[in-house]
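Report on the structure given below.
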Amino acid sequence: MAEIHSAIACNLDADILSASLPLFESGSVDAIEWSFDALHQRQELPEWFRALLTAFSRSNRLIGHGIFFSIFSGKWLPEQEQWLKSLKKYAADFHFDHITEHFGFMTGKDFHHGAPLSIPFSPVTLAIGIDRLQRIQEACRCPVGLENLAFSYSLDDVKRHGAFLEKLVEPVNGFIILDLHNLFCQTHNFNVDFEPLLACYPLDRVREIHISGGSWEPSVAVPSTIIRRDTHDEKVPDTVFDFLRTTIPRCPNLKFVVLEQLGTGLRSEASRVAFRDDFLQIQRIVKAASLRATSINTFQPPSFQLRTTPVEDSLLYRQQTALSRILEEAGSEAEARSQLEASVLAHSDWQIEHWNAAMLETAVHIAQKWKNGFTPDA
Amino acid sequence: MKLEKSLLLLIAAAVAVNVAPSCSKNKEDKKLAAAKEKEKKDKMPIFSCPACGMG
């Protein structure tokens, strides 16, 4: 029988490790997910952390989750070349059961600034995305996948996201991470029901599920609207556990369910206890649903010929650069919209004319929150 | 998954080094706390993640 592993997102962070230690001690954690590209502040891994990664790696229970590759950047960047080199090295040091990245492009001025935002679902971005996934697969030599994004500019984006993800991963026999809190955000922010939203995703391509908590933020642009944000800093809502119960039986190739929380949300003893309770709740749900037939797709990489030069699109890059600047500098949603209407993004595949006002405001908040990169209280 | 006890002890020790006392009024303790705080910054970066795109 195929087994589903309950895992935690475990990075080199004292608060995450403190919260997780009792779970490690009790042998409850089946697997860990490590963001191998979040080590920019240090050159070497501490030996004890390397030993932790090695222990899970040797049991085929280590999965890698990239943050900064900026898969849809219209221009091939030197930092992406470096990212692949680094991944190749880590993949030689550790056995990753699979490697994943986030959907979107990074808004920031360089590789460790900004946050991922969505892109138009067009033939141009599809070609770039497939090319980048092939390069990741060539570097890590294991199954690769992409995570659904919480952020969307419009309801139309929300409905088309799953189908576009399927087109992206199919050529590399890739898979998707289905982040159920991201779907929770969308059910709230776009007033859609979970069932029809779930039906938009290729569930046979789901190898991993993410579970997390988030926060609420009132919109100024659209008074009386409250936006749900995937901030990873609070307890998992009960509804997301319900989503997990509903989703697991529909994902025949599911292998990992991962609890994500930021260390900044784990500084009090109460929050650490709540984190462990969330993990044990996930484990109970997974165990209750785990008896199923063997996976039909192991997502092993197919053979392919990598293009000599990476796919690029100069117009897309100009649009991304303009959008990043506007989002990082605008004082309000109205200011951002007025600048967008006068920019290279107007009347383009981006369809800025149909962007939801509260979501544009949220994009401004996200871009401005992360434009200076990592800070202790971000 | 069961981890070896020696590894668990190493993790516990590493995490403990990163917990600086904050309530002492003694000057020496404050120096120690500051040193530990510096050590904490040097040893373990804060992992704040923008990755989900809604964070």
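FYI, nothing fancy with the structure tokens labels: chains A, B, ... in order, residues from 1 per chain, ligands from 1 as they appear.
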Name the residues of stretch 161-352 of chain A that fall into helix (DSSP H, G or I) according to DSSP on the backbone, using the chain letters and numbers of this document, as a PyMOL selection string. chain A and resi 161-172+180-189+194-198+203-205+238-250+263-265+269-289+314-329+333-341+352
So that I have them on file, write out the residues from the current selection with C-alpha atoms, as a CSV table (one decimal), in the first residue's frame.
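Below is the file part.csv, written as the result:
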chain,number,residue,atom,x,y,z
A,161,HIS,CA,-4.8,28.4,-12.3
A,162,GLY,CA,-5.1,24.6,-12.0
A,163,ALA,CA,-5.4,23.9,-15.7
A,164,PHE,CA,-2.3,26.1,-16.4
A,165,LEU,CA,-0.3,24.3,-13.8
A,166,GLU,CA,-1.2,21.0,-15.4
A,167,LYS,CA,0.0,22.2,-18.8
A,168,LEU,CA,3.3,23.3,-17.2
A,169,VAL,CA,4.1,20.1,-15.3
A,170,GLU,CA,2.9,17.6,-17.9
A,171,PRO,CA,6.0,17.8,-20.3
A,172,VAL,CA,8.3,17.0,-17.3
A,180,LEU,CA,-5.1,24.1,0.9
A,181,HIS,CA,-4.7,27.3,2.8
A,182,ASN,CA,-4.0,29.1,-0.5
A,183,LEU,CA,-7.4,27.7,-1.7
A,184,PHE,CA,-8.9,28.8,1.6
A,185,CYS,CA,-7.7,32.3,0.9
A,186,GLN,CA,-9.3,32.2,-2.6
A,187,THR,CA,-12.6,30.8,-1.4
A,188,HIS,CA,-12.8,33.9,0.9
A,189,ASN,CA,-11.2,36.5,-1.3
A,194,PHE,CA,-14.3,24.9,-2.2
A,195,GLU,CA,-15.7,22.0,-4.2
A,196,PRO,CA,-15.9,23.8,-7.6
A,197,LEU,CA,-12.5,25.4,-6.9
A,198,LEU,CA,-11.0,21.9,-6.1
A,203,LEU,CA,-5.8,16.1,-8.5
A,204,ASP,CA,-4.0,13.1,-10.1
A,205,ARG,CA,-1.0,15.4,-10.3
A,238,ASP,CA,-10.6,24.2,11.2
A,239,THR,CA,-12.0,24.7,7.7
A,240,VAL,CA,-8.5,23.9,6.2
A,241,PHE,CA,-8.5,20.6,8.2
A,242,ASP,CA,-12.0,19.9,6.6
A,243,PHE,CA,-10.5,20.6,3.2
A,244,LEU,CA,-7.7,18.1,3.9
A,245,ARG,CA,-10.2,15.4,4.8
A,246,THR,CA,-12.1,16.0,1.6
A,247,THR,CA,-9.0,16.3,-0.6
A,248,ILE,CA,-6.9,13.3,0.4
A,249,PRO,CA,-9.1,10.6,-1.0
A,250,ARG,CA,-9.2,12.3,-4.4
A,263,GLY,CA,9.4,30.9,13.0
A,264,THR,CA,8.1,34.5,13.7
A,265,GLY,CA,4.8,32.9,14.6
A,269,GLU,CA,5.1,28.6,24.2
A,270,ALA,CA,1.3,28.7,23.5
A,271,SER,CA,2.0,29.1,19.7
A,272,ARG,CA,4.5,26.2,19.8
A,273,VAL,CA,1.9,24.0,21.5
A,274,ALA,CA,-0.7,25.0,18.9
A,275,PHE,CA,1.8,24.2,16.2
A,276,ARG,CA,2.3,20.7,17.5
A,277,ASP,CA,-1.5,20.2,18.0
A,278,ASP,CA,-1.9,21.2,14.3
A,279,PHE,CA,0.7,18.7,13.2
A,280,LEU,CA,-0.9,15.9,15.3
A,281,GLN,CA,-4.3,16.7,13.8
A,282,ILE,CA,-2.8,16.4,10.3
A,283,GLN,CA,-1.3,13.1,11.2
A,284,ARG,CA,-4.6,11.8,12.5
A,285,ILE,CA,-6.4,12.8,9.3
A,286,VAL,CA,-3.6,11.3,7.1
A,287,LYS,CA,-3.6,8.0,9.1
A,288,ALA,CA,-7.4,7.7,8.8
A,289,ALA,CA,-7.2,8.2,5.0
A,314,SER,CA,11.9,40.8,-23.4
A,315,LEU,CA,8.4,42.3,-23.4
A,316,LEU,CA,7.4,40.1,-20.5
A,317,TYR,CA,10.5,41.1,-18.6
A,318,ARG,CA,9.8,44.8,-19.2
A,319,GLN,CA,6.2,44.3,-18.0
A,320,GLN,CA,7.4,42.5,-14.8
A,321,THR,CA,10.0,45.2,-14.1
A,322,ALA,CA,7.3,47.9,-14.5
A,323,LEU,CA,4.8,46.0,-12.3
A,324,SER,CA,7.4,45.5,-9.6
A,325,ARG,CA,8.3,49.1,-9.5
A,326,ILE,CA,4.7,50.3,-9.4
A,327,LEU,CA,3.8,47.9,-6.6
A,328,GLU,CA,6.8,48.7,-4.5
A,329,GLU,CA,6.4,52.5,-4.8
A,333,GLU,CA,-4.4,51.0,-4.8
A,334,ALA,CA,-5.7,54.1,-6.8
A,335,GLU,CA,-2.1,55.3,-7.4
A,336,ALA,CA,-1.0,51.8,-8.5
A,337,ARG,CA,-4.0,51.5,-10.9
A,338,SER,CA,-3.4,54.9,-12.4
A,339,GLN,CA,0.3,54.1,-13.0
A,340,LEU,CA,-0.6,50.6,-14.4
A,341,GLU,CA,-3.0,52.2,-16.9
A,352,ILE,CA,-4.9,44.8,-15.6
Once you count only C-alpha atoms, what closest atom pair and distance in Å to one decimal does each residue of chain A within 8 Å of chain B have, with rows by chain and rising residue number, as JSON lines?
{"residue": "A:Asn11", "atom": "CA", "partner": "B:Phe47", "partner_atom": "CA", "distance": 7.1}
{"residue": "A:Leu12", "atom": "CA", "partner": "B:Met44", "partner_atom": "CA", "distance": 6.2}
{"residue": "A:Asp13", "atom": "CA", "partner": "B:Ile46", "partner_atom": "CA", "distance": 5.7}
{"residue": "A:Ala14", "atom": "CA", "partner": "B:Val15", "partner_atom": "CA", "distance": 5.5}
{"residue": "A:Leu17", "atom": "CA", "partner": "B:Val15", "partner_atom": "CA", "distance": 6.9}
{"residue": "A:Ser18", "atom": "CA", "partner": "B:Val15", "partner_atom": "CA", "distance": 6.3}
{"residue": "A:Leu21", "atom": "CA", "partner": "B:Ala12", "partner_atom": "CA", "distance": 7.3}
{"residue": "A:Phe24", "atom": "CA", "partner": "B:Leu3", "partner_atom": "CA", "distance": 7.0}
{"residue": "A:Glu25", "atom": "CA", "partner": "B:Leu8", "partner_atom": "CA", "distance": 6.8}
{"residue": "A:Ser26", "atom": "CA", "partner": "B:Lys2", "partner_atom": "CA", "distance": 7.5}
{"residue": "A:Gly27", "atom": "CA", "partner": "B:Lys2", "partner_atom": "CA", "distance": 4.4}
{"residue": "A:Ser28", "atom": "CA", "partner": "B:Met1", "partner_atom": "CA", "distance": 6.2}
{"residue": "A:Val29", "atom": "CA", "partner": "B:Met1", "partner_atom": "CA", "distance": 5.7}
{"residue": "A:Asp30", "atom": "CA", "partner": "B:Met1", "partner_atom": "CA", "distance": 4.9}
{"residue": "A:Ala31", "atom": "CA", "partner": "B:Met1", "partner_atom": "CA", "distance": 7.3}
{"residue": "A:Ala38", "atom": "CA", "partner": "B:Phe47", "partner_atom": "CA", "distance": 7.3}
{"residue": "A:Leu39", "atom": "CA", "partner": "B:Pro45", "partner_atom": "CA", "distance": 7.7}
{"residue": "A:Gln41", "atom": "CA", "partner": "B:Pro45", "partner_atom": "CA", "distance": 6.5}
{"residue": "A:Arg42", "atom": "CA", "partner": "B:Pro45", "partner_atom": "CA", "distance": 7.9}
{"residue": "A:Trp48", "atom": "CA", "partner": "B:Leu10", "partner_atom": "CA", "distance": 6.0}
{"residue": "A:Phe49", "atom": "CA", "partner": "B:Ile11", "partner_atom": "CA", "distance": 7.4}
{"residue": "A:Ala51", "atom": "CA", "partner": "B:Leu7", "partner_atom": "CA", "distance": 7.1}
{"residue": "A:Leu52", "atom": "CA", "partner": "B:Leu7", "partner_atom": "CA", "distance": 7.1}
{"residue": "A:Ala55", "atom": "CA", "partner": "B:Leu3", "partner_atom": "CA", "distance": 7.3}
{"residue": "A:Ile67", "atom": "CA", "partner": "B:Ala51", "partner_atom": "CA", "distance": 5.5}
{"residue": "A:Phe68", "atom": "CA", "partner": "B:Ala51", "partner_atom": "CA", "distance": 7.9}
{"residue": "A:His102", "atom": "CA", "partner": "B:Ala51", "partner_atom": "CA", "distance": 6.9}
{"residue": "A:Gly114", "atom": "CA", "partner": "B:Pro50", "partner_atom": "CA", "distance": 7.3}
{"residue": "A:Ala115", "atom": "CA", "partner": "B:Pro50", "partner_atom": "CA", "distance": 5.2}
{"residue": "A:Pro116", "atom": "CA", "partner": "B:Gly53", "partner_atom": "CA", "distance": 4.9}
{"residue": "A:Leu117", "atom": "CA", "partner": "B:Gly53", "partner_atom": "CA", "distance": 5.9}
{"residue": "A:Leu149", "atom": "CA", "partner": "B:Cys52", "partner_atom": "CA", "distance": 6.2}
{"residue": "A:Ala150", "atom": "CA", "partner": "B:Met54", "partner_atom": "CA", "distance": 5.9}
{"residue": "A:Phe151", "atom": "CA", "partner": "B:Met54", "partner_atom": "CA", "distance": 5.6}
{"residue": "A:Asn182", "atom": "CA", "partner": "B:Cys52", "partner_atom": "CA", "distance": 7.9}
{"residue": "A:Gly214", "atom": "CA", "partner": "B:Gly55", "partner_atom": "CA", "distance": 7.9}
{"residue": "A:Arg229", "atom": "CA", "partner": "B:Met54", "partner_atom": "CA", "distance": 5.2}
{"residue": "A:Asp230", "atom": "CA", "partner": "B:Met54", "partner_atom": "CA", "distance": 4.9}
{"residue": "A:Thr231", "atom": "CA", "partner": "B:Gly55", "partner_atom": "CA", "distance": 3.8}
{"residue": "A:His232", "atom": "CA", "partner": "B:Gly55", "partner_atom": "CA", "distance": 6.9}
{"residue": "A:Leu262", "atom": "CA", "partner": "B:Ser48", "partner_atom": "CA", "distance": 6.2}
{"residue": "A:Gly263", "atom": "CA", "partner": "B:Phe47", "partner_atom": "CA", "distance": 6.5}
{"residue": "A:Thr264", "atom": "CA", "partner": "B:Ser48", "partner_atom": "CA", "distance": 7.1}
{"residue": "A:Thr362", "atom": "CA", "partner": "B:Met54", "partner_atom": "CA", "distance": 7.9}
{"residue": "A:Ile366", "atom": "CA", "partner": "B:Met54", "partner_atom": "CA", "distance": 6.6}
{"residue": "A:Trp370", "atom": "CA", "partner": "B:Pro50", "partner_atom": "CA", "distance": 6.8}
{"residue": "A:Phe374", "atom": "CA", "partner": "B:Ser48", "partner_atom": "CA", "distance": 6.0}
{"residue": "A:Thr375", "atom": "CA", "partner": "B:Ser48", "partner_atom": "CA", "distance": 7.1}
{"residue": "A:Pro376", "atom": "CA", "partner": "B:Ile46", "partner_atom": "CA", "distance": 5.9}
{"residue": "A:Ala378", "atom": "CA", "partner": "B:Ser48", "partner_atom": "CA", "distance": 6.6}
From a backbone DSSP assignment, name each residue in stretch 124-174 of chain A labelled strand (DSSP E or B), as a PyMOL selection string. chain A and resi 144-147
Name the residues in contact with stretch 295-300 of chain A at a cut-off of 10 Å, using only C-alpha atoms, excluding same-chain residues fewer than 4 positions from it; report them as an MDAnalysis selection string. chainID A and resid 1:3 98 137 141:145 169:170 172:175 204:205 207 251:255
Let's have the selection written as a PDB file, in the first residue's frame, with C-alpha atoms.
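After the write, out_36.pdb holds the following:
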ATOM      1  CA  MET A   1       0.000   0.000   0.000  1.00  0.00           C
ATOM      2  CA  ALA A   2       1.213   3.543  -0.721  1.00  0.00           C
ATOM      3  CA  GLU A   3       1.954   5.559   2.339  1.00  0.00           C
ATOM      4  CA  HIS A  98      11.435  15.572  -4.950  1.00  0.00           C
ATOM      5  CA  GLN A 137      14.933  18.669 -13.246  1.00  0.00           C
ATOM      6  CA  ARG A 141      17.544  14.499 -11.302  1.00  0.00           C
ATOM      7  CA  CYS A 142      14.394  13.738  -9.368  1.00  0.00           C
ATOM      8  CA  PRO A 143      10.662  14.505  -9.641  1.00  0.00           C
ATOM      9  CA  VAL A 144       9.853  18.234  -9.771  1.00  0.00           C
ATOM     10  CA  GLY A 145       6.705  20.146  -8.952  1.00  0.00           C
ATOM     11  CA  VAL A 169       4.143  20.132 -15.345  1.00  0.00           C
ATOM     12  CA  GLU A 170       2.909  17.625 -17.930  1.00  0.00           C
ATOM     13  CA  VAL A 172       8.337  17.009 -17.340  1.00  0.00           C
ATOM     14  CA  ASN A 173       5.987  14.435 -15.787  1.00  0.00           C
ATOM     15  CA  GLY A 174       5.875  16.856 -12.894  1.00  0.00           C
ATOM     16  CA  PHE A 175       3.409  17.229 -10.074  1.00  0.00           C
ATOM     17  CA  ASP A 204      -4.046  13.089 -10.066  1.00  0.00           C
ATOM     18  CA  ARG A 205      -1.016  15.401 -10.288  1.00  0.00           C
ATOM     19  CA  ARG A 207       1.984  14.630  -4.820  1.00  0.00           C
ATOM     20  CA  CYS A 251      -5.414  12.490  -4.799  1.00  0.00           C
ATOM     21  CA  PRO A 252      -4.248   9.002  -5.829  1.00  0.00           C
ATOM     22  CA  ASN A 253      -0.587  10.046  -6.034  1.00  0.00           C
ATOM     23  CA  LEU A 254      -0.384  11.993  -2.796  1.00  0.00           C
ATOM     24  CA  LYS A 255       2.806  11.263  -0.836  1.00  0.00           C
TER      25      LYS A 255
END
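Our summary of the geometry notes that atom CA of A:Ile16 is positioned 28.2 Å from atom CA of A:Ser118.
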Extract, using only C-alpha atoms, all DNA, RNA and protein residues at most 6 Å from stretch 72-74 of chain A, discarding same-chain residues fewer than 6 positions from it, and format them as a compact mmCIF listing (two decimals) with all heavy atoms, in the first residue's frame.
# COMPACT_ATOMS: atom_id res chain seq x y z
N GLY A 104 4.98 31.78 -10.18
CA GLY A 104 5.03 33.23 -10.17
C GLY A 104 6.40 33.79 -10.51
O GLY A 104 7.32 33.05 -10.84
N PHE A 105 6.51 35.10 -10.44
CA PHE A 105 7.81 35.76 -10.61
C PHE A 105 8.06 36.63 -9.39
O PHE A 105 7.12 37.12 -8.75
CB PHE A 105 7.85 36.60 -11.90
CG PHE A 105 7.22 37.96 -11.76
CD1 PHE A 105 8.00 39.11 -11.57
CD2 PHE A 105 5.84 38.11 -11.80
CE1 PHE A 105 7.42 40.36 -11.42
CE2 PHE A 105 5.26 39.36 -11.65
CZ PHE A 105 6.04 40.49 -11.46
N GLY A 129 8.00 28.64 -18.43
CA GLY A 129 7.83 27.78 -17.26
C GLY A 129 8.31 26.36 -17.51
O GLY A 129 8.99 25.75 -16.67
N GLU A 312 13.44 33.17 -23.28
CA GLU A 312 13.27 34.50 -22.69
C GLU A 312 12.21 35.27 -23.47
O GLU A 312 11.91 34.94 -24.62
CB GLU A 312 14.59 35.29 -22.73
CG GLU A 312 15.70 34.71 -21.88
CD GLU A 312 16.94 35.57 -21.89
OE1 GLU A 312 17.59 35.66 -22.94
OE2 GLU A 312 17.25 36.17 -20.84
N ASP A 313 11.70 36.33 -22.87
CA ASP A 313 10.77 37.21 -23.58
C ASP A 313 10.98 38.62 -23.03
O ASP A 313 10.65 38.89 -21.87
CB ASP A 313 9.32 36.77 -23.37
CG ASP A 313 8.37 37.55 -24.25
OD1 ASP A 313 7.91 38.63 -23.82
OD2 ASP A 313 8.11 37.11 -25.39
N LEU A 316 7.84 40.56 -21.77
CA LEU A 316 7.38 40.07 -20.46
C LEU A 316 8.28 40.63 -19.35
O LEU A 316 7.79 41.08 -18.30
CB LEU A 316 7.41 38.54 -20.43
CG LEU A 316 7.00 37.90 -19.10
CD1 LEU A 316 5.52 38.15 -18.80
CD2 LEU A 316 7.28 36.39 -19.09
N TYR A 317 9.57 40.63 -19.59
CA TYR A 317 10.50 41.13 -18.55
C TYR A 317 10.27 42.62 -18.30
O TYR A 317 10.26 43.07 -17.15
CB TYR A 317 11.95 40.87 -18.98
CG TYR A 317 12.93 41.24 -17.90
CD1 TYR A 317 12.96 40.55 -16.68
CD2 TYR A 317 13.83 42.30 -18.07
CE1 TYR A 317 13.85 40.90 -15.68
CE2 TYR A 317 14.73 42.65 -17.06
CZ TYR A 317 14.73 41.94 -15.87
OH TYR A 317 15.61 42.30 -14.88
With only C-alpha atoms as the counted atoms, please give the residues lying no more than 7 Å from A:Ile227, apart from itself and same-chain residues fewer than 3 positions off, as a VMD selection string. chain A and resid 189 216 to 219
